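The structure file data.cif is reproduced below (mmCIF, C-alpha atoms).
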```cif
data_upload
#
loop_
_atom_site.group_PDB
_atom_site.id
_atom_site.type_symbol
_atom_site.label_atom_id
_atom_site.label_comp_id
_atom_site.auth_asym_id
_atom_site.auth_seq_id
_atom_site.Cartn_x
_atom_site.Cartn_y
_atom_site.Cartn_z
ATOM 1 C CA MET A 1 0.000 0.000 0.000
ATOM 2 C CA PHE A 2 2.726 2.471 0.909
ATOM 3 C CA ASP A 3 5.057 1.783 -2.008
ATOM 4 C CA THR A 4 4.314 4.985 -3.946
ATOM 5 C CA LEU A 5 4.361 7.170 -0.841
ATOM 6 C CA SER A 6 7.533 5.463 0.325
ATOM 7 C CA ASP A 7 9.274 6.109 -2.994
ATOM 8 C CA LYS A 8 8.299 9.776 -2.957
ATOM 9 C CA LEU A 9 9.254 10.414 0.645
ATOM 10 C CA GLN A 10 12.573 8.647 0.216
ATOM 11 C CA ALA A 11 13.247 10.740 -2.879
ATOM 12 C CA SER A 12 12.319 13.922 -0.982
ATOM 13 C CA LEU A 13 14.705 13.076 1.844
ATOM 14 C CA GLY A 14 17.373 11.361 -0.223
ATOM 15 C CA ASP A 15 19.409 14.476 -0.892
ATOM 16 C CA LEU A 16 19.363 15.409 2.785
ATOM 17 C CA ARG A 17 20.629 12.165 4.279
ATOM 18 C CA GLY A 18 24.325 12.677 3.672
ATOM 19 C CA ARG A 19 24.505 16.444 4.036
ATOM 20 C CA GLY A 20 26.585 17.969 6.775
ATOM 21 C CA ILE A 21 25.066 21.413 6.209
ATOM 22 C CA LEU A 22 21.456 22.259 5.419
ATOM 23 C CA THR A 23 20.358 25.551 3.904
ATOM 24 C CA GLU A 24 16.912 27.078 4.320
ATOM 25 C CA GLU A 25 16.369 26.411 0.619
ATOM 26 C CA ASP A 26 17.216 22.710 1.082
ATOM 27 C CA LEU A 27 14.728 22.422 3.916
ATOM 28 C CA SER A 28 11.971 24.343 2.124
ATOM 29 C CA ARG A 29 12.284 22.194 -0.978
ATOM 30 C CA ALA A 30 12.153 18.997 1.070
ATOM 31 C CA MET A 31 9.085 20.209 2.983
ATOM 32 C CA ARG A 32 7.268 21.069 -0.257
ATOM 33 C CA GLU A 33 7.993 17.617 -1.666
ATOM 34 C CA ILE A 34 6.915 15.890 1.547
ATOM 35 C CA ARG A 35 3.696 17.904 1.634
ATOM 36 C CA LEU A 36 2.883 16.984 -1.974
ATOM 37 C CA ALA A 37 3.729 13.298 -1.415
ATOM 38 C CA LEU A 38 1.399 13.079 1.593
ATOM 39 C CA LEU A 39 -1.463 14.868 -0.163
ATOM 40 C CA GLU A 40 -1.104 12.592 -3.190
ATOM 41 C CA ALA A 41 -1.273 9.625 -0.783
ATOM 42 C CA ASP A 42 -4.732 10.864 0.268
ATOM 43 C CA VAL A 43 -3.616 11.917 3.738
ATOM 44 C CA ASN A 44 -6.062 14.321 5.376
ATOM 45 C CA PHE A 45 -5.192 17.938 4.543
ATOM 46 C CA ARG A 46 -5.213 19.090 8.181
ATOM 47 C CA VAL A 47 -2.940 16.209 9.137
ATOM 48 C CA VAL A 48 -0.493 17.112 6.347
ATOM 49 C CA LYS A 49 -0.487 20.784 7.305
ATOM 50 C CA ASP A 50 0.244 20.061 10.972
ATOM 51 C CA PHE A 51 2.805 17.377 10.124
ATOM 52 C CA VAL A 52 4.849 19.604 7.819
ATOM 53 C CA ALA A 53 4.693 22.502 10.290
ATOM 54 C CA ARG A 54 6.036 20.329 13.117
ATOM 55 C CA VAL A 55 8.813 18.851 10.998
ATOM 56 C CA ARG A 56 9.872 22.285 9.745
ATOM 57 C CA GLU A 57 9.850 23.789 13.246
ATOM 58 C CA ARG A 58 11.924 20.942 14.685
ATOM 59 C CA SER A 59 14.311 20.899 11.710
ATOM 60 C CA ALA A 60 15.097 24.619 11.671
ATOM 61 C CA GLY A 61 18.647 25.238 12.837
ATOM 62 C CA VAL A 62 19.309 21.564 13.532
ATOM 63 C CA GLU A 63 22.882 20.957 14.624
ATOM 64 C CA VAL A 64 25.374 18.140 14.162
ATOM 65 C CA THR A 65 25.529 15.507 16.892
ATOM 66 C CA LYS A 66 28.111 12.776 17.413
ATOM 67 C CA SER A 67 26.205 10.161 15.437
ATOM 68 C CA LEU A 68 23.992 12.052 12.951
ATOM 69 C CA THR A 69 24.510 14.679 10.276
ATOM 70 C CA PRO A 70 21.906 17.460 10.036
ATOM 71 C CA GLY A 71 20.378 15.674 7.056
ATOM 72 C CA GLN A 72 20.067 12.446 8.995
ATOM 73 C CA GLN A 73 18.552 14.335 11.906
ATOM 74 C CA VAL A 74 15.827 15.705 9.628
ATOM 75 C CA VAL A 75 15.098 12.129 8.517
ATOM 76 C CA LYS A 76 14.950 11.181 12.203
ATOM 77 C CA ILE A 77 12.460 13.991 12.859
ATOM 78 C CA VAL A 78 10.283 12.895 9.921
ATOM 79 C CA HIS A 79 10.381 9.326 11.275
ATOM 80 C CA GLU A 80 9.331 10.487 14.747
ATOM 81 C CA GLU A 81 6.495 12.640 13.419
ATOM 82 C CA LEU A 82 5.199 9.874 11.143
ATOM 83 C CA THR A 83 5.223 7.566 14.155
ATOM 84 C CA ALA A 84 3.380 10.161 16.234
ATOM 85 C CA ILE A 85 0.519 10.679 13.772
ATOM 86 C CA MET A 86 -0.035 6.914 13.594
ATOM 87 C CA GLY A 87 -0.151 6.480 17.366
ATOM 88 C CA GLN A 88 3.304 6.594 18.914
ATOM 89 C CA GLY A 89 4.156 3.383 20.792
ATOM 90 C CA GLY A 90 1.428 1.050 19.602
ATOM 91 C CA SER A 91 -1.694 0.078 21.508
ATOM 92 C CA ARG A 92 -2.576 -3.363 22.806
ATOM 93 C CA LEU A 93 -5.904 -4.885 23.707
ATOM 94 C CA ALA A 94 -7.287 -4.711 27.240
ATOM 95 C CA PHE A 95 -7.951 -7.997 29.016
ATOM 96 C CA ALA A 96 -10.391 -8.526 31.879
ATOM 97 C CA GLY A 97 -9.269 -9.619 35.310
ATOM 98 C CA ARG A 98 -12.264 -11.951 35.364
ATOM 99 C CA PRO A 99 -12.846 -13.684 32.009
ATOM 100 C CA PRO A 100 -14.198 -13.681 29.493
ATOM 101 C CA THR A 101 -12.740 -10.547 27.926
ATOM 102 C CA VAL A 102 -15.351 -9.252 25.474
ATOM 103 C CA ILE A 103 -14.204 -7.739 22.177
ATOM 104 C CA LEU A 104 -16.899 -6.053 20.100
ATOM 105 C CA LEU A 105 -16.235 -5.467 16.397
ATOM 106 C CA ALA A 106 -18.153 -2.676 14.646
ATOM 107 C CA GLY A 107 -17.998 -1.139 11.177
ATOM 108 C CA LEU A 108 -19.741 -0.755 7.865
ATOM 109 C CA GLN A 109 -20.774 -3.636 5.639
ATOM 110 C CA GLY A 110 -17.878 -4.709 3.451
ATOM 111 C CA SER A 111 -15.143 -3.542 5.803
ATOM 112 C CA GLY A 112 -14.049 -7.109 6.549
ATOM 113 C CA LYS A 113 -15.486 -7.461 10.075
ATOM 114 C CA THR A 114 -16.345 -11.148 9.905
ATOM 115 C CA THR A 115 -12.976 -12.194 8.514
ATOM 116 C CA ALA A 116 -11.263 -9.885 11.011
ATOM 117 C CA ALA A 117 -13.146 -11.605 13.859
ATOM 118 C CA ALA A 118 -11.765 -14.995 12.835
ATOM 119 C CA LYS A 119 -8.279 -13.580 12.290
ATOM 120 C CA LEU A 120 -8.330 -12.019 15.737
ATOM 121 C CA ALA A 121 -9.497 -15.282 17.316
ATOM 122 C CA LEU A 122 -6.598 -17.109 15.681
ATOM 123 C CA LEU A 123 -4.092 -14.446 16.755
ATOM 124 C CA LEU A 124 -5.279 -14.622 20.365
ATOM 125 C CA ARG A 125 -5.167 -18.402 20.410
ATOM 126 C CA LYS A 126 -1.532 -18.218 19.306
ATOM 127 C CA GLU A 127 -0.976 -16.013 22.363
ATOM 128 C CA GLY A 128 -2.345 -18.712 24.633
ATOM 129 C CA LYS A 129 -5.938 -17.474 24.908
ATOM 130 C CA ALA A 130 -9.060 -19.616 24.505
ATOM 131 C CA PRO A 131 -11.317 -17.482 22.284
ATOM 132 C CA ALA A 132 -14.903 -17.971 21.174
ATOM 133 C CA LEU A 133 -16.826 -16.223 18.411
ATOM 134 C CA VAL A 134 -20.366 -14.841 18.590
ATOM 135 C CA ALA A 135 -22.300 -14.377 15.331
ATOM 136 C CA ALA A 136 -24.357 -11.261 16.028
ATOM 137 C CA ASP A 137 -24.457 -9.986 12.431
ATOM 138 C CA LEU A 138 -28.062 -10.861 11.679
ATOM 139 C CA GLN A 139 -28.358 -8.245 8.950
ATOM 140 C CA ARG A 140 -26.300 -9.900 6.219
ATOM 141 C CA PRO A 141 -27.758 -13.326 5.381
ATOM 142 C CA ALA A 142 -24.408 -14.988 4.701
ATOM 143 C CA ALA A 143 -22.611 -13.557 7.742
ATOM 144 C CA ILE A 144 -23.600 -16.379 10.103
ATOM 145 C CA ASP A 145 -22.606 -19.021 7.560
ATOM 146 C CA GLN A 146 -19.317 -17.255 6.880
ATOM 147 C CA LEU A 147 -18.367 -17.041 10.554
ATOM 148 C CA GLU A 148 -19.422 -20.651 11.118
ATOM 149 C CA GLN A 149 -17.167 -21.829 8.283
ATOM 150 C CA LEU A 150 -14.249 -19.708 9.462
ATOM 151 C CA GLY A 151 -14.672 -21.059 12.991
ATOM 152 C CA LYS A 152 -14.551 -24.629 11.710
ATOM 153 C CA GLN A 153 -11.482 -23.795 9.649
ATOM 154 C CA ILE A 154 -9.535 -22.569 12.676
ATOM 155 C CA GLN A 155 -11.277 -24.903 15.149
ATOM 156 C CA ILE A 156 -12.723 -22.168 17.335
ATOM 157 C CA PRO A 157 -16.335 -22.424 18.597
ATOM 158 C CA VAL A 158 -18.952 -20.094 17.135
ATOM 159 C CA TYR A 159 -22.207 -19.293 18.912
ATOM 160 C CA LEU A 160 -25.026 -18.728 16.416
ATOM 161 C CA GLU A 161 -28.798 -18.740 16.166
ATOM 162 C CA ARG A 162 -30.270 -18.867 12.671
ATOM 163 C CA ASP A 163 -33.871 -18.104 13.641
ATOM 164 C CA ASN A 164 -33.304 -15.353 16.190
ATOM 165 C CA ARG A 165 -33.543 -11.809 14.785
ATOM 166 C CA ASP A 166 -32.594 -10.101 18.053
ATOM 167 C CA PRO A 167 -28.812 -9.536 18.129
ATOM 168 C CA VAL A 168 -28.868 -8.419 21.766
ATOM 169 C CA ALA A 169 -30.402 -11.739 22.831
ATOM 170 C CA VAL A 170 -27.903 -13.647 20.685
ATOM 171 C CA VAL A 171 -25.002 -11.807 22.294
ATOM 172 C CA ALA A 172 -26.316 -12.476 25.810
ATOM 173 C CA LYS A 173 -26.590 -16.210 25.123
ATOM 174 C CA GLY A 174 -23.282 -16.300 23.286
ATOM 175 C CA LEU A 175 -21.406 -14.720 26.189
ATOM 176 C CA GLU A 176 -23.081 -17.065 28.644
ATOM 177 C CA GLN A 177 -21.969 -20.048 26.588
ATOM 178 C CA ALA A 178 -18.412 -18.680 26.445
ATOM 179 C CA ARG A 179 -18.383 -18.483 30.265
ATOM 180 C CA THR A 180 -19.825 -21.974 30.607
ATOM 181 C CA GLN A 181 -17.226 -23.416 28.250
ATOM 182 C CA GLY A 182 -14.383 -21.675 30.083
ATOM 183 C CA ARG A 183 -13.488 -19.416 27.171
ATOM 184 C CA ASP A 184 -11.419 -16.424 28.266
ATOM 185 C CA VAL A 185 -12.146 -14.207 25.231
ATOM 186 C CA ALA A 186 -15.426 -13.689 23.366
ATOM 187 C CA ILE A 187 -15.278 -11.872 20.027
ATOM 188 C CA VAL A 188 -18.610 -10.448 18.876
ATOM 189 C CA ASP A 189 -19.201 -9.886 15.150
ATOM 190 C CA THR A 190 -21.909 -7.253 14.693
ATOM 191 C CA ALA A 191 -23.945 -6.112 11.697
ATOM 192 C CA GLY A 192 -22.914 -3.295 9.413
ATOM 193 C CA ARG A 193 -24.708 -1.233 6.813
ATOM 194 C CA LEU A 194 -23.591 0.269 3.529
ATOM 195 C CA HIS A 195 -23.821 3.607 5.291
ATOM 196 C CA ILE A 196 -24.151 4.942 8.821
ATOM 197 C CA ASP A 197 -27.763 5.178 9.973
ATOM 198 C CA GLU A 198 -29.758 5.532 13.157
ATOM 199 C CA GLU A 199 -30.876 1.899 13.215
ATOM 200 C CA LEU A 200 -27.272 0.690 13.045
ATOM 201 C CA MET A 201 -26.196 2.949 15.891
ATOM 202 C CA GLU A 202 -29.136 2.005 18.099
ATOM 203 C CA GLN A 203 -28.421 -1.680 17.521
ATOM 204 C CA LEU A 204 -24.765 -1.211 18.436
ATOM 205 C CA ALA A 205 -25.756 0.712 21.564
ATOM 206 C CA GLY A 206 -28.035 -2.150 22.639
ATOM 207 C CA ILE A 207 -25.368 -4.778 22.017
ATOM 208 C CA ARG A 208 -22.789 -2.712 23.859
ATOM 209 C CA LYS A 209 -25.069 -2.300 26.857
ATOM 210 C CA GLU A 210 -25.646 -6.058 27.026
ATOM 211 C CA ALA A 211 -22.068 -7.161 26.299
ATOM 212 C CA ARG A 212 -20.222 -4.538 28.376
ATOM 213 C CA PRO A 213 -17.153 -5.050 26.171
ATOM 214 C CA HIS A 214 -13.608 -4.473 27.343
ATOM 215 C CA ASN A 215 -12.612 -3.507 23.792
ATOM 216 C CA VAL A 216 -14.725 -1.924 21.070
ATOM 217 C CA LEU A 217 -12.832 -2.068 17.790
ATOM 218 C CA LEU A 218 -13.881 -0.237 14.644
ATOM 219 C CA VAL A 219 -13.014 -2.218 11.518
ATOM 220 C CA LEU A 220 -12.048 0.022 8.592
ATOM 221 C CA ASP A 221 -11.225 -0.858 5.008
ATOM 222 C CA ALA A 222 -7.926 0.901 4.222
ATOM 223 C CA MET A 223 -8.759 0.707 0.515
ATOM 224 C CA THR A 224 -11.456 3.363 0.938
ATOM 225 C CA GLY A 225 -8.912 6.072 1.806
ATOM 226 C CA GLN A 226 -10.441 9.256 3.157
ATOM 227 C CA ASP A 227 -13.871 7.610 3.208
ATOM 228 C CA ALA A 228 -12.493 5.368 5.968
ATOM 229 C CA VAL A 229 -11.465 8.461 7.918
ATOM 230 C CA ALA A 230 -14.942 9.958 7.480
ATOM 231 C CA VAL A 231 -16.523 6.724 8.738
ATOM 232 C CA ALA A 232 -14.195 6.730 11.745
ATOM 233 C CA GLU A 233 -15.157 10.325 12.548
ATOM 234 C CA ALA A 234 -18.861 9.495 12.344
ATOM 235 C CA PHE A 235 -18.496 6.433 14.589
ATOM 236 C CA ALA A 236 -16.368 8.431 17.038
ATOM 237 C CA GLU A 237 -19.277 10.852 17.442
ATOM 238 C CA ARG A 238 -21.775 8.079 18.168
ATOM 239 C CA VAL A 239 -19.880 5.029 19.472
ATOM 240 C CA ASP A 240 -17.115 5.249 22.021
ATOM 241 C CA PHE A 241 -14.751 2.792 20.361
ATOM 242 C CA ASP A 242 -11.285 2.091 21.757
ATOM 243 C CA GLY A 243 -9.249 1.477 18.647
ATOM 244 C CA ILE A 244 -9.184 0.537 14.990
ATOM 245 C CA VAL A 245 -8.603 -2.616 12.988
ATOM 246 C CA LEU A 246 -7.342 -1.568 9.569
ATOM 247 C CA THR A 247 -8.046 -4.184 6.905
ATOM 248 C CA LYS A 248 -6.779 -4.710 3.339
ATOM 249 C CA LEU A 249 -3.436 -3.037 3.946
ATOM 250 C CA ASP A 250 -2.021 -5.129 1.115
ATOM 251 C CA GLY A 251 -4.239 -3.345 -1.399
ATOM 252 C CA ASP A 252 -3.237 -0.672 -3.879
ATOM 253 C CA ALA A 253 -4.761 2.262 -2.019
ATOM 254 C CA ARG A 254 -2.477 5.173 -1.274
ATOM 255 C CA GLY A 255 -2.243 4.843 2.491
ATOM 256 C CA GLY A 256 -4.071 7.987 3.530
ATOM 257 C CA ALA A 257 -6.363 6.212 5.982
ATOM 258 C CA ALA A 258 -3.501 4.693 7.968
ATOM 259 C CA LEU A 259 -1.742 8.044 8.204
ATOM 260 C CA SER A 260 -4.862 10.096 8.992
ATOM 261 C CA VAL A 261 -7.268 8.141 11.152
ATOM 262 C CA LYS A 262 -5.422 8.398 14.495
ATOM 263 C CA ALA A 263 -4.733 12.112 14.086
ATOM 264 C CA VAL A 264 -8.345 12.845 13.101
ATOM 265 C CA THR A 265 -10.184 10.669 15.661
ATOM 266 C CA GLY A 266 -7.635 10.344 18.469
ATOM 267 C CA LYS A 267 -8.215 6.567 18.409
ATOM 268 C CA PRO A 268 -5.186 4.313 17.816
ATOM 269 C CA ILE A 269 -4.817 1.687 15.128
ATOM 270 C CA LYS A 270 -4.491 -1.463 17.210
ATOM 271 C CA LEU A 271 -4.396 -4.160 14.550
ATOM 272 C CA ALA A 272 -3.630 -4.383 10.835
ATOM 273 C CA SER A 273 -4.838 -7.043 8.422
ATOM 274 C CA THR A 274 -3.411 -8.006 5.046
ATOM 275 C CA GLY A 275 -4.787 -10.548 2.605
ATOM 276 C CA GLU A 276 -7.423 -13.234 3.041
ATOM 277 C CA LYS A 277 -5.278 -15.769 4.908
ATOM 278 C CA LEU A 278 -6.450 -16.053 8.489
ATOM 279 C CA ASP A 279 -2.956 -15.746 9.938
ATOM 280 C CA GLN A 280 -2.471 -12.332 8.312
ATOM 281 C CA LEU A 281 -3.392 -10.115 11.251
ATOM 282 C CA GLU A 282 -0.864 -8.436 13.510
ATOM 283 C CA TYR A 283 -0.568 -5.706 16.092
ATOM 284 C CA PHE A 284 0.072 -2.343 14.505
ATOM 285 C CA HIS A 285 3.443 -0.781 15.347
ATOM 286 C CA PRO A 286 3.610 2.871 14.215
ATOM 287 C CA ASP A 287 7.395 3.093 14.548
ATOM 288 C CA ARG A 288 7.930 0.040 12.360
ATOM 289 C CA MET A 289 5.463 1.336 9.780
ATOM 290 C CA ALA A 290 7.221 4.706 9.712
ATOM 291 C CA SER A 291 10.564 2.949 9.206
ATOM 292 C CA ARG A 292 9.087 0.911 6.381
ATOM 293 C CA ILE A 293 7.644 3.979 4.671
ATOM 294 C CA LEU A 294 10.974 5.796 4.877
ATOM 295 C CA GLY A 295 13.042 2.757 3.889
ATOM 296 C CA MET A 296 15.436 3.703 6.615
ATOM 297 C CA GLY A 297 17.917 0.840 6.748
ATOM 298 C CA ASP A 298 21.309 2.092 7.930
ATOM 299 C CA VAL A 299 19.909 5.470 8.911
ATOM 300 C CA LEU A 300 17.455 3.791 11.291
ATOM 301 C CA THR A 301 20.370 2.046 13.005
ATOM 302 C CA LEU A 302 21.997 5.427 13.545
ATOM 303 C CA ILE A 303 18.732 6.909 14.782
ATOM 304 C CA GLU A 304 18.247 4.166 17.327
ATOM 305 C CA LYS A 305 21.690 4.927 18.717
ATOM 306 C CA ALA A 306 21.223 8.708 18.722
#
```
Could you spell out this file's structure in structure tokens?
Amino acid sequence: MFDTLSDKLQASLGDLRGRGILTEEDLSRAMREIRLALLEADVNFRVVKDFVARVRERSAGVEVTKSLTPGQQVVKIVHEELTAIMGQGGSRLAFAGRPPTVILLAGLQGSGKTTAAAKLALLLRKEGKAPALVAADLQRPAAIDQLEQLGKQIQIPVYLERDNRDPVAVVAKGLEQARTQGRDVAIVDTAGRLHIDEELMEQLAGIRKEARPHNVLLVLDAMTGQDAVAVAEAFAERVDFDGIVLTKLDGDARGGAALSVKAVTGKPIKLASTGEKLDQLEYFHPDRMASRILGMGDVLTLIEKA
């Protein structure tokens, strides 16, 4: 996803890396190129404006240190600011002192919620947890079948009711079964719509009240770019979610959602999903992503020592 942005940012900073002296003209040209690269990557305009202003302010009059040239220090500053807009040190899930921990997944239809639920269950099992899945998406006819099949594939139990149209009741029974079976995590897959509406929000509010989740995660399709950011803003106004699961990061979108959503909503990206394989979900590490975008290599080694 970040290949084009990465190429452009590396080109913008390439001339600076080895320089022992930076002129105001050098810095201004680099800032213009960085600004254009971020805007072309569909990063939110306000985020770009603030990002460039912070980098410029921190880079002005930068001095040589023992391990870095001024050019390398500017790259270091860009790395730190990229990390900051994506969420600084990474954000983990919260786990209950008394199980089961309840994780509620929300989002629009088509964002990849159901697949993300199974991926998360598999990830947590690898960490030594005993997860269960609850099929509370009663809106999309195939959602129950999909989650059932995914559960069988990864050998994780799925609570479902085909004839019950009340998702709140399904969640209540699903959580009770998870407790009875000694499951320490229950992941609830909820319904989405093609757009945000009052019925969707009321349903989520009812499920949340019943489930009392320890984590509410908003699942966003990174391929939708700034639309994903708009969805996150709308959910932030109505649903107090804790963090974001960004799906389809292997797609050919420009990366704007990943670089904008934390800065716009204040909610961290907790998990990132790539591809359809169920083992392709991992915790999101902003510093690693920033390093990848900048292609830092040897410079990153110097930065870590500085």
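Evaluating the PyMOL selection byres ((chain A and resi 266) around 10) against the shown model yields Ile85, Met86, Gly87, Glu233, Ala236, Asp242, Gly243, Ser260, Val261, Lys262, Ala263, Val264, Thr265, Lys267, Pro268 and Ile269 of chain A.
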Could you give me, as an NGL selection string, the residues within 8 Å of region 29-31 of chain A, counting all atoms listed in the file and dropping anything in the same chain fewer than 6 positions from it? :A and (12-13 or 52 or 56)
Starting from the shown file, work through the PyMOL selection byres ((chain A and resi 278) around 8) and note down what comes out as an MDAnalysis selection string. chainID A and resid 115 118:119 122 276:277 279:281
Applying 6 Å and all atoms listed in the file, which residues near region 210-225 of chain A remain after dropping the ones on its own chain fewer than 6 positions away? List them as a list in words.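 Counting only the stated atoms, we get Val102, Ile103, Leu104, Leu105, Ala106, Gly107, Ser111, Lys113, Phe241, Asp242, Gly243, Ile244, Val245, Leu246, Thr247, Lys248, Leu249, Ala253, Gly256 and Ala257 of chain A.
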Those selected residues, please, written with C-alpha atoms and delivered as a tab-separated table (two decimals), in the coordinates of the input.
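That gives us result.tsv:
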```
chain	number	residue	atom	x	y	z
A	102	VAL	CA	-15.35	-9.25	25.47
A	103	ILE	CA	-14.20	-7.74	22.18
A	104	LEU	CA	-16.90	-6.05	20.10
A	105	LEU	CA	-16.24	-5.47	16.40
A	106	ALA	CA	-18.15	-2.68	14.65
A	107	GLY	CA	-18.00	-1.14	11.18
A	111	SER	CA	-15.14	-3.54	5.80
A	113	LYS	CA	-15.49	-7.46	10.07
A	241	PHE	CA	-14.75	2.79	20.36
A	242	ASP	CA	-11.28	2.09	21.76
A	243	GLY	CA	-9.25	1.48	18.65
A	244	ILE	CA	-9.18	0.54	14.99
A	245	VAL	CA	-8.60	-2.62	12.99
A	246	LEU	CA	-7.34	-1.57	9.57
A	247	THR	CA	-8.05	-4.18	6.90
A	248	LYS	CA	-6.78	-4.71	3.34
A	249	LEU	CA	-3.44	-3.04	3.95
A	253	ALA	CA	-4.76	2.26	-2.02
A	256	GLY	CA	-4.07	7.99	3.53
A	257	ALA	CA	-6.36	6.21	5.98
```
Suppose you want the space between CA of Leu82 (chain A) and CA of Ser59 (chain A); what is it in Å? 14.3 Å
As AutoDock Vina command-line options, please report the centre and edge lengths, rounded to one decimal in Å, of the axis-aligned box that holds all listed atoms of region 41-50 of chain A with 4 Å of padding on each of the six sides.
```
--center_x -2.9 --center_y 15.2 --center_z 5.1 --size_x 14.3 --size_y 19.2 --size_z 19.8
```
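What separates CA of Pro286 (chain A) from CA of Leu39 (chain A) is a distance of 19.4 Å.
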Given the choices A:Leu138, A:Val188, A:Ile34, A:Val231, which gets closest to Asp166 (chain A) if the distance is worked out from only C-alpha atoms? A:Leu138
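Using all atoms listed in the file, the nearest neighbour of Arg179 (chain A) within the list A:Pro157, A:Pro70, A:Pro99, A:Gly110 is A:Pro99.
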Taking the file above as input, evaluate the PyMOL selection byres ((chain A and resi 158) around 7) and report the hits as an mmCIF file with C-alpha atoms, keeping the file's coordinate frame.
```cif
data_model
loop_
_atom_site.group_PDB
_atom_site.id
_atom_site.type_symbol
_atom_site.label_atom_id
_atom_site.label_comp_id
_atom_site.auth_asym_id
_atom_site.auth_seq_id
_atom_site.Cartn_x
_atom_site.Cartn_y
_atom_site.Cartn_z
ATOM 1 C CA ALA A 132 -14.903 -17.971 21.174
ATOM 2 C CA LEU A 133 -16.826 -16.223 18.411
ATOM 3 C CA VAL A 134 -20.366 -14.841 18.590
ATOM 4 C CA ALA A 135 -22.300 -14.377 15.331
ATOM 5 C CA GLU A 148 -19.422 -20.651 11.118
ATOM 6 C CA GLY A 151 -14.672 -21.059 12.991
ATOM 7 C CA ILE A 156 -12.723 -22.168 17.335
ATOM 8 C CA PRO A 157 -16.335 -22.424 18.597
ATOM 9 C CA TYR A 159 -22.207 -19.293 18.912
ATOM 10 C CA LEU A 160 -25.026 -18.728 16.416
#
```
Rank nothing, just name the residue among A:Ala116, A:Lys8, A:Glu24, A:Arg58 nearest to Ala37 (chain A), using all atoms listed in the file.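 The closest residue to Ala37 (chain A) is A:Lys8.
Considering the residues A:Lys129, A:Gly206, A:Phe2, A:Arg288 and counting only C-alpha atoms, Asp184 (chain A) has its shortest atom-to-atom contact with A:Lys129.
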Residues at most 10 Å from Leu38 (chain A), counting only C-alpha atoms, excluding those fewer than 6 positions away in the same chain, as a list in words?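 Those residues are Leu5, Ser6, Lys8, Leu9, Asn44, Phe45, Val47, Val48, Lys49, Phe51, Val52, Arg254, Gly255, Gly256 and Leu259 of chain A.
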Quote the spacing between CA of Thr190 (chain A) and CA of Ala136 (chain A) in Å to one decimal place.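 Pair CA of Thr190 (chain A) / CA of Ala136 (chain A) returns 4.9 Å.
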Considering only C-alpha atoms, can you say which of A:Val239, A:Leu22, A:Ile187, A:Ala11 comes closest to Thr69 (chain A)? A:Leu22
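When only C-alpha atoms are used to compute distances to Glu57 (chain A), the closest of the residues A:Val75, A:Ala84, A:Leu27, A:Leu36 turns out to be A:Leu27.
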Would you pick out the contacts of Ala172 (chain A) at 9 Å or less, using only C-alpha atoms, so that residues sharing its chain but fewer than 4 positions from it are not included, and give the list as a list in words? Pro167, Val168, Glu176, Gln177, Ile207, Glu210 and Ala211 of chain A
